[in-house]
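Here is the file start-v2.cif (mmCIF, C-alpha atoms).
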```
data_structure
loop_
_atom_site.label_atom_id
_atom_site.label_comp_id
_atom_site.auth_asym_id
_atom_site.auth_seq_id
_atom_site.Cartn_x
_atom_site.Cartn_y
_atom_site.Cartn_z
CA MET Q 6 16.45 19.95 -37.44
CA TRP Q 7 15.77 16.63 -39.15
CA LYS Q 8 19.40 15.53 -39.00
CA HIS Q 9 19.21 15.67 -35.19
CA LEU Q 10 16.59 12.91 -35.37
CA GLU Q 11 18.93 10.64 -37.29
CA ALA Q 12 20.45 7.62 -35.58
CA GLY Q 13 23.99 8.32 -34.42
CA SER Q 14 23.62 12.12 -34.54
CA SER Q 15 24.45 12.44 -30.83
CA PRO Q 16 28.07 13.29 -29.91
CA VAL Q 17 27.75 10.84 -27.01
CA ASP Q 18 28.41 7.14 -27.51
CA TRP Q 19 28.65 4.81 -24.54
CA CYS Q 20 30.91 1.80 -24.14
CA GLU Q 21 28.47 -0.86 -25.33
CA GLY Q 22 28.99 -1.76 -28.97
CA ASN Q 23 26.42 -0.43 -31.42
CA TYR Q 24 23.97 -2.82 -33.11
CA THR Q 25 25.85 -5.87 -31.86
CA ILE Q 26 22.74 -7.62 -30.46
CA SER Q 27 19.89 -6.17 -32.49
CA PRO Q 28 20.10 -4.60 -35.98
CA SER Q 29 17.44 -2.05 -35.00
CA ILE Q 30 18.63 -1.05 -31.50
CA ALA Q 31 21.96 0.75 -31.19
CA GLU Q 32 22.76 -0.11 -27.56
CA PHE Q 33 20.57 -3.06 -26.67
CA VAL Q 34 21.56 -3.57 -23.02
CA ASN Q 35 21.57 0.17 -22.30
CA THR Q 36 18.06 0.34 -23.77
CA ILE Q 37 16.37 -2.55 -21.97
CA SER Q 38 18.08 -1.73 -18.65
CA ASN Q 39 15.58 1.13 -18.28
CA VAL Q 40 12.85 -1.40 -17.52
CA LEU Q 41 12.64 -0.45 -13.82
CA PHE Q 42 11.64 3.08 -14.82
CA PHE Q 43 8.46 1.58 -16.29
CA LEU Q 44 7.73 -1.20 -13.79
CA MET Q 45 8.31 0.55 -10.46
CA PRO Q 46 6.49 3.94 -10.69
CA PRO Q 47 2.99 2.37 -10.94
CA VAL Q 48 3.79 0.31 -7.83
CA LEU Q 49 5.01 3.43 -6.04
CA MET Q 50 1.89 5.34 -7.06
CA HIS Q 51 -0.16 2.60 -5.45
CA LEU Q 52 1.91 2.46 -2.28
CA PHE Q 53 1.88 6.26 -1.95
CA ARG Q 54 -1.82 6.69 -2.72
CA ASP Q 55 -2.68 7.78 0.83
CA TYR Q 56 0.42 9.97 0.99
CA GLY Q 57 -0.85 11.70 -2.13
CA ARG Q 58 -4.31 12.03 -0.61
CA PHE Q 59 -3.38 13.26 2.85
CA VAL Q 60 0.01 14.95 2.41
CA ASN Q 61 1.05 15.99 -1.11
CA PRO Q 62 -0.53 14.76 -4.37
CA ALA Q 63 2.49 16.08 -6.29
CA ILE Q 64 4.40 12.96 -5.18
CA HIS Q 65 2.72 11.11 -8.03
CA GLY Q 66 4.20 13.67 -10.43
CA ILE Q 67 7.68 12.56 -9.37
CA TRP Q 68 6.86 8.92 -10.13
CA ALA Q 69 5.39 9.90 -13.51
CA MET Q 70 8.49 11.95 -14.34
CA LEU Q 71 10.68 8.93 -13.62
CA MET Q 72 8.72 7.06 -16.27
CA VAL Q 73 9.43 9.90 -18.71
CA VAL Q 74 13.13 9.61 -17.84
CA GLY Q 75 13.02 5.88 -18.60
CA ALA Q 76 11.24 6.38 -21.92
CA SER Q 77 13.62 9.15 -22.97
CA SER Q 78 16.68 7.13 -21.98
CA ALA Q 79 15.43 4.06 -23.84
CA TYR Q 80 14.81 6.13 -26.97
CA PHE Q 81 18.26 7.72 -26.76
CA HIS Q 82 20.15 4.46 -26.34
CA ALA Q 83 18.09 2.77 -29.03
CA THR Q 84 18.90 5.47 -31.60
CA LEU Q 85 21.87 7.48 -30.28
CA SER Q 86 20.17 10.51 -31.82
CA LEU Q 87 20.82 14.04 -30.58
CA ILE Q 88 17.11 14.57 -29.95
CA GLY Q 89 17.07 11.40 -27.87
CA GLN Q 90 20.06 12.59 -25.86
CA LEU Q 91 18.45 15.97 -25.15
CA LEU Q 92 15.14 14.39 -24.18
CA ASP Q 93 16.96 12.03 -21.83
CA GLU Q 94 19.06 14.71 -20.17
CA CYS Q 95 16.32 17.32 -19.95
CA ALA Q 96 13.96 14.77 -18.37
CA ILE Q 97 16.60 14.02 -15.73
CA LEU Q 98 17.18 17.74 -15.17
CA TRP Q 99 13.50 18.44 -14.57
CA VAL Q 100 12.95 15.53 -12.20
CA ILE Q 101 15.90 16.79 -10.12
CA ILE Q 102 14.43 20.31 -10.13
CA ALA Q 103 10.98 19.02 -9.17
CA GLY Q 104 12.49 17.02 -6.32
CA PHE Q 105 14.35 20.03 -4.93
CA ALA Q 106 11.30 22.28 -5.24
CA MET Q 107 9.02 19.78 -3.54
CA PHE Q 108 11.21 18.30 -0.83
CA LEU Q 109 14.03 20.70 0.11
CA PRO Q 110 13.69 21.20 3.88
CA ARG Q 111 12.90 24.79 4.85
CA ARG Q 112 16.00 25.06 7.04
CA HIS Q 113 18.06 24.74 3.85
CA PHE Q 114 16.12 27.37 1.89
CA PRO Q 115 18.26 30.17 0.43
CA VAL Q 116 17.61 33.56 2.04
CA VAL Q 117 16.10 34.92 -1.17
CA ALA Q 118 13.25 32.37 -0.93
CA GLN Q 119 12.12 33.93 2.38
CA ASN Q 120 10.97 30.55 3.70
CA ASP Q 121 8.32 30.47 0.95
CA ARG Q 122 8.15 27.23 -1.05
CA LYS Q 123 6.30 28.95 -3.89
CA LYS Q 124 9.17 31.42 -4.30
CA LEU Q 125 11.65 28.56 -4.10
CA SER Q 126 9.73 26.67 -6.78
CA LEU Q 127 9.66 29.75 -9.00
CA GLY Q 128 13.42 30.12 -8.63
CA PHE Q 129 13.94 26.49 -9.60
CA LEU Q 130 11.59 26.96 -12.56
CA VAL Q 131 13.71 29.84 -13.86
CA PHE Q 132 16.87 27.84 -13.27
CA GLY Q 133 15.36 24.88 -15.14
CA ILE Q 134 14.45 26.98 -18.17
CA ILE Q 135 17.94 28.48 -18.35
CA ALA Q 136 19.60 25.10 -17.83
CA THR Q 137 17.45 23.53 -20.53
CA GLY Q 138 18.55 26.22 -22.98
CA LEU Q 139 22.19 25.66 -22.11
CA ALA Q 140 21.73 21.90 -22.48
CA VAL Q 141 20.63 22.39 -26.07
CA VAL Q 142 23.58 24.68 -26.82
CA HIS Q 143 26.27 22.48 -25.18
CA PRO Q 144 24.98 18.88 -25.32
CA ALA Q 145 28.42 17.29 -24.97
CA ILE Q 146 28.82 18.37 -21.32
CA ASN Q 147 25.26 17.74 -20.15
CA ALA Q 148 25.92 14.35 -18.56
CA PHE Q 149 28.74 15.72 -16.39
CA VAL Q 150 26.64 18.72 -15.28
CA LEU Q 151 23.73 16.45 -14.32
CA MET Q 152 26.10 14.27 -12.33
CA ILE Q 153 27.24 17.34 -10.39
CA LEU Q 154 23.61 18.30 -9.67
CA GLY Q 155 23.17 15.01 -7.85
CA VAL Q 156 25.81 15.93 -5.27
CA PRO Q 157 23.72 18.59 -3.41
CA ALA Q 158 20.86 16.09 -3.09
CA LEU Q 159 23.25 13.60 -1.49
CA VAL Q 160 24.63 16.28 0.85
CA PHE Q 161 21.14 17.38 1.97
CA MET Q 162 20.17 13.75 2.57
CA VAL Q 163 23.22 13.16 4.74
CA LEU Q 164 22.41 16.31 6.74
CA GLU Q 165 18.85 15.10 7.28
CA LEU Q 166 19.97 11.61 8.25
CA ARG Q 167 22.07 13.12 11.02
CA ARG Q 168 18.83 14.41 12.57
CA VAL Q 169 16.93 11.12 12.26
CA LYS Q 170 16.16 9.03 15.33
CA ASP Q 171 14.39 6.20 13.52
CA GLY Q 172 16.88 3.39 12.89
CA ARG Q 173 15.00 2.06 9.85
CA VAL Q 174 15.09 5.44 8.15
CA TYR Q 175 18.78 5.84 8.91
CA ARG Q 176 19.63 2.38 7.53
CA LEU Q 177 17.67 3.09 4.35
CA GLY Q 178 19.62 6.33 3.96
CA VAL Q 179 22.93 4.51 4.33
CA ARG Q 180 21.90 1.95 1.71
CA CYS Q 181 20.77 4.75 -0.60
CA CYS Q 182 24.15 6.48 -0.32
CA ALA Q 183 25.96 3.21 -1.00
CA VAL Q 184 23.86 2.47 -4.10
CA TRP Q 185 24.35 6.03 -5.38
CA LEU Q 186 28.12 5.79 -4.99
CA LEU Q 187 28.16 2.39 -6.71
CA SER Q 188 26.04 3.74 -9.58
CA VAL Q 189 28.35 6.71 -10.06
CA SER Q 190 31.31 4.34 -10.08
CA CYS Q 191 29.65 2.37 -12.89
CA TRP Q 192 28.97 5.57 -14.86
CA ILE Q 193 32.55 6.81 -14.51
CA ASN Q 194 34.08 3.45 -15.40
CA ASP Q 195 31.88 3.09 -18.48
CA ARG Q 196 32.66 6.63 -19.59
CA LEU Q 197 36.38 6.84 -18.89
CA PHE Q 198 37.66 3.25 -18.84
CA CYS Q 199 35.76 1.69 -21.70
CA GLU Q 200 38.81 -0.06 -23.16
CA VAL Q 201 39.50 -1.84 -19.89
CA TRP Q 202 35.96 -3.19 -19.56
CA SER Q 203 35.73 -4.04 -23.25
CA SER Q 204 38.92 -6.07 -22.92
CA ILE Q 205 37.12 -8.41 -20.48
CA ASN Q 206 33.97 -8.43 -22.65
CA PHE Q 207 31.80 -6.46 -20.23
CA PRO Q 208 31.02 -3.06 -21.80
CA TYR Q 209 27.68 -2.93 -19.98
CA LEU Q 210 28.35 -0.80 -16.91
CA HIS Q 211 26.09 1.98 -18.19
CA GLY Q 212 23.21 -0.48 -18.21
CA LEU Q 213 24.03 -1.35 -14.61
CA TRP Q 214 24.08 2.38 -13.89
CA HIS Q 215 20.47 2.64 -15.10
CA ILE Q 216 19.35 -0.01 -12.63
CA LEU Q 217 21.32 1.34 -9.68
CA ILE Q 218 20.52 5.00 -10.26
CA PHE Q 219 16.80 4.24 -10.43
CA ILE Q 220 17.00 2.45 -7.08
CA ALA Q 221 18.95 5.35 -5.57
CA SER Q 222 16.63 7.96 -7.12
CA TYR Q 223 13.33 6.55 -5.94
CA THR Q 224 14.83 5.74 -2.53
CA VAL Q 225 15.98 9.32 -2.00
CA CYS Q 226 12.47 10.47 -2.97
CA VAL Q 227 11.01 8.12 -0.35
CA LEU Q 228 13.39 9.48 2.28
CA PHE Q 229 12.66 13.11 1.50
CA ALA Q 230 8.93 12.37 1.43
CA TYR Q 231 9.39 11.11 5.00
CA PHE Q 232 11.48 14.14 6.00
CA SER Q 233 8.88 16.46 4.46
CA VAL Q 234 6.05 15.12 6.61
CA LYS Q 235 8.24 15.14 9.71
CA ASP Q 236 9.09 18.80 9.18
CA GLU Q 237 5.88 20.28 7.80
CA LYS Q 238 3.08 17.98 9.02
CA PRO Q 239 4.46 16.19 12.09
CA MET Q 240 0.95 15.56 13.47
CA GLN Q 241 0.44 13.04 10.68
CA LYS Q 242 3.22 10.80 12.02
CA PRO Q 243 4.99 9.36 8.95
CA VAL Q 244 6.15 5.76 9.21
CA LEU Q 245 8.65 4.07 6.91
CA ARG Q 246 7.34 0.70 5.78
CA TYR Q 247 8.37 -1.98 3.26
CA TRP Q 248 6.37 -3.92 0.71
CA PRO Q 249 5.59 -6.80 0.44
CA ARG Q 250 6.85 -7.62 3.97
CA ASN Q 251 7.32 -4.92 6.54
CA ASP Q 252 10.05 -6.90 8.30
CA PHE Q 253 12.13 -7.28 5.11
CA GLU Q 254 14.16 -4.09 4.73
CA LEU Q 255 15.32 -4.95 1.22
CA GLY Q 256 11.76 -4.69 -0.06
CA ILE Q 257 10.19 -1.59 -1.62
CA PRO Q 258 10.18 1.27 0.90
CA TYR Q 259 7.29 3.70 1.16
CA VAL Q 260 5.89 6.20 3.65
CA ALA Q 261 2.69 5.33 5.50
CA ILE Q 262 0.71 7.99 7.34
CA GLN Q 263 -0.72 7.58 10.82
CA ASP Q 264 -3.91 9.29 11.91
CA TYR Q 265 -2.70 12.07 14.20
CA GLU Q 266 -5.91 11.97 16.26
CA GLY Q 267 -6.19 8.29 17.08
CA GLY Q 268 -2.70 7.12 16.19
CA ASN Q 269 -4.22 4.57 13.83
CA ASP Q 270 -2.30 3.60 10.73
CA ILE Q 271 -4.35 4.63 7.71
CA TRP Q 272 -2.86 1.64 5.84
CA ALA Q 273 -3.69 -0.88 8.53
CA ASP Q 274 -6.46 -2.54 6.54
CA LYS Q 275 -4.60 -2.38 3.23
CA ASP Q 276 -0.97 -3.21 3.79
CA VAL Q 277 0.77 -6.53 4.04
CA TYR Q 278 2.54 -6.95 7.37
CA ALA Q 279 4.82 -9.63 8.68
#
```
Represent the supplied structure as structure tokens.
Amino acid sequence: MWKHLEAGSSPVDWCEGNYTISPSIAEFVNTISNVLFFLMPPVLMHLFRDYGRFVNPAIHGIWAMLMVVGASSAYFHATLSLIGQLLDECAILWVIIAGFAMFLPRRHFPVVAQNDRKKLSLGFLVFGIIATGLAVVHPAINAFVLMILGVPALVFMVLELRRVKDGRVYRLGVRCCAVWLLSVSCWINDRLFCEVWSSINFPYLHGLWHILIFIASYTVCVLFAYFSVKDEKPMQKPVLRYWPRNDFELGIPYVAIQDYEGGNDIWADKDVYA
């Protein structure tokens, strides 16, 4: 057990050279590139405070889990220990499972769930426990399996975007897909073409992956939070907004809720508008 805590005990080693920048941090850039996982979730918790109050408080659990992912990833890349790797990958696994259980539209439910989100969540819980056990047994293939798990989320998002009539939501979805594809490209290049990137002195694509995949991950959560209200609580009239300026679509997206009785934006006295 103790040897799995030792630095370098993981079978996975990314392209960045080890201990080249800091004598105490194995992959320096890959470690500090997790900074968005710590900075952004508190902001999102603030922006989604009324969503949590009026729609689904579990949304804050997603933001908290992203912080756990960032902490686990930073620990793994700082030590390259097997325990760090498993913490990193299991944290990612469970945030994906939580997202599916919370946001999967009912029209995509498997028949066995009988249109019951509690049954769906129970099924994902069982799947998560089994997958966690397999991750411990076969750690070398975990990263590739997790990458595959991201594909269904992308497919469901594309299907939902085809139903959207709001141009802002559609454009955000397109940008999210583009960022996801770019992040995956960085991951693949770092993993499979390390020699090429090292030859031009840029073995840091995995660090760029951290930044891009966080942007894609929280954006897809924002989109599915919007879809969820549209499908299950349409009277609450979800509205996609951006912070700090609502007219700047490259800002931080969030979902505001309108009062279904008076049509008044709950955030009207709190938000910053153009």
Problem - Selection result for the PyMOL selection byres ((chain Q and resi 46-62) around 9) on this file, as a list in words - result: Leu41, Phe42, Phe43, Leu44, Met45, Ala63, Ile64, His65, Gly66, Ile67, Trp68, Ala69, Leu71, Met72, Tyr223, Ala230, Val234, Lys238, Gln241, Trp248, Ile257, Pro258, Tyr259, Val260, Ala261, Ile262, Ile271, Trp272 and Asp276 of chain Q
Taking C-alpha atoms for each residue, export the selection above as a compact mmCIF listing (two decimals), keeping the file's coordinate frame.
```
# COMPACT_ATOMS: atom_id res chain seq x y z
CA LEU Q 41 12.64 -0.45 -13.82
CA PHE Q 42 11.64 3.08 -14.82
CA PHE Q 43 8.46 1.58 -16.29
CA LEU Q 44 7.73 -1.20 -13.79
CA MET Q 45 8.31 0.55 -10.46
CA ALA Q 63 2.49 16.08 -6.29
CA ILE Q 64 4.40 12.96 -5.18
CA HIS Q 65 2.72 11.11 -8.03
CA GLY Q 66 4.20 13.67 -10.43
CA ILE Q 67 7.68 12.56 -9.37
CA TRP Q 68 6.86 8.92 -10.13
CA ALA Q 69 5.39 9.90 -13.51
CA LEU Q 71 10.68 8.93 -13.62
CA MET Q 72 8.72 7.06 -16.27
CA TYR Q 223 13.33 6.55 -5.94
CA ALA Q 230 8.93 12.37 1.43
CA VAL Q 234 6.05 15.12 6.61
CA LYS Q 238 3.08 17.98 9.02
CA GLN Q 241 0.44 13.04 10.68
CA TRP Q 248 6.37 -3.92 0.71
CA ILE Q 257 10.19 -1.59 -1.62
CA PRO Q 258 10.18 1.27 0.90
CA TYR Q 259 7.29 3.70 1.16
CA VAL Q 260 5.89 6.20 3.65
CA ALA Q 261 2.69 5.33 5.50
CA ILE Q 262 0.71 7.99 7.34
CA ILE Q 271 -4.35 4.63 7.71
CA TRP Q 272 -2.86 1.64 5.84
CA ASP Q 276 -0.97 -3.21 3.79
```
Problem - Nearby residues (only C-alpha atoms) at most 12 Å from Q:His215, same-chain spacing under 5 positions excluded, as number ranges by chain - result: Q: 34-42, 71, 74-75, 78-79, 82, 184-185, 187-189, 191-192, 195, 209-210, 220-222
Handout entry: Polymer residues at most 10 Å from stretch 120-126 of chain Q, all atoms listed in the file, same-chain spacing of 4 or more positions, as a list in words
Key =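 Those residues are Ile102, Ala103, Phe105, Ala106, Met107, Phe108, Leu109, Pro110, Arg111, Arg112, His113, Phe114, Pro115, Val116, Leu130, Val131 and Phe132 of chain Q.
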Exercise for the section: Excluding stretch 148-162 of chain Q and residues on its chain fewer than 5 positions from it, collect all residues at most 10 Å away from it, counting only C-alpha atoms, and give them as a PyMOL selection string. Expected result: chain Q and resi 17+90+93-95+97-98+101-102+104-105+109-110+113+136+140+167+178-179+181-182+185-186+189+192-193+222+225+228-229+232
Exercise for the section: Could you tell me how far atom CA of Q:Arg246 lies from atom CA of Q:Arg173, in Å and to one decimal? Expected result: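 Between these atoms lies a distance of 8.8 Å.
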Fill in the blank from the handout: Between Q:Pro249, Q:Gly256, Q:Gly212, Q:Pro239, smallest distance to Q:Trp19 by all atoms listed in the file belongs to Q:Gly212
Practice task
Decode the PyMOL selection byres ((chain Q and resi 84) around 12) for the given file into explicit residues and return them as number ranges by chain.
Solution key: Q: 9-15, 17-18, 23-24, 27-33, 35-36, 77-83, 85-90, 93
Residues from last step as file, C-alpha atoms, as a compact mmCIF listing (two decimals), in the frame of the given file:
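The result, written out as out_25.txt:
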```txt
# COMPACT_ATOMS: atom_id res chain seq x y z
CA HIS Q 9 19.21 15.67 -35.19
CA LEU Q 10 16.59 12.91 -35.37
CA GLU Q 11 18.93 10.64 -37.29
CA ALA Q 12 20.45 7.62 -35.58
CA GLY Q 13 23.99 8.32 -34.42
CA SER Q 14 23.62 12.12 -34.54
CA SER Q 15 24.45 12.44 -30.83
CA VAL Q 17 27.75 10.84 -27.01
CA ASP Q 18 28.41 7.14 -27.51
CA ASN Q 23 26.42 -0.43 -31.42
CA TYR Q 24 23.97 -2.82 -33.11
CA SER Q 27 19.89 -6.17 -32.49
CA PRO Q 28 20.10 -4.60 -35.98
CA SER Q 29 17.44 -2.05 -35.00
CA ILE Q 30 18.63 -1.05 -31.50
CA ALA Q 31 21.96 0.75 -31.19
CA GLU Q 32 22.76 -0.11 -27.56
CA PHE Q 33 20.57 -3.06 -26.67
CA ASN Q 35 21.57 0.17 -22.30
CA THR Q 36 18.06 0.34 -23.77
CA SER Q 77 13.62 9.15 -22.97
CA SER Q 78 16.68 7.13 -21.98
CA ALA Q 79 15.43 4.06 -23.84
CA TYR Q 80 14.81 6.13 -26.97
CA PHE Q 81 18.26 7.72 -26.76
CA HIS Q 82 20.15 4.46 -26.34
CA ALA Q 83 18.09 2.77 -29.03
CA LEU Q 85 21.87 7.48 -30.28
CA SER Q 86 20.17 10.51 -31.82
CA LEU Q 87 20.82 14.04 -30.58
CA ILE Q 88 17.11 14.57 -29.95
CA GLY Q 89 17.07 11.40 -27.87
CA GLN Q 90 20.06 12.59 -25.86
CA ASP Q 93 16.96 12.03 -21.83
```
Exercise for the section: Please indicate the distance in Å from atom CA of Q:Asp252 to atom CA of Q:Tyr231, rounded to one decimal place. Expected result: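 A separation of 18.3 Å between them.
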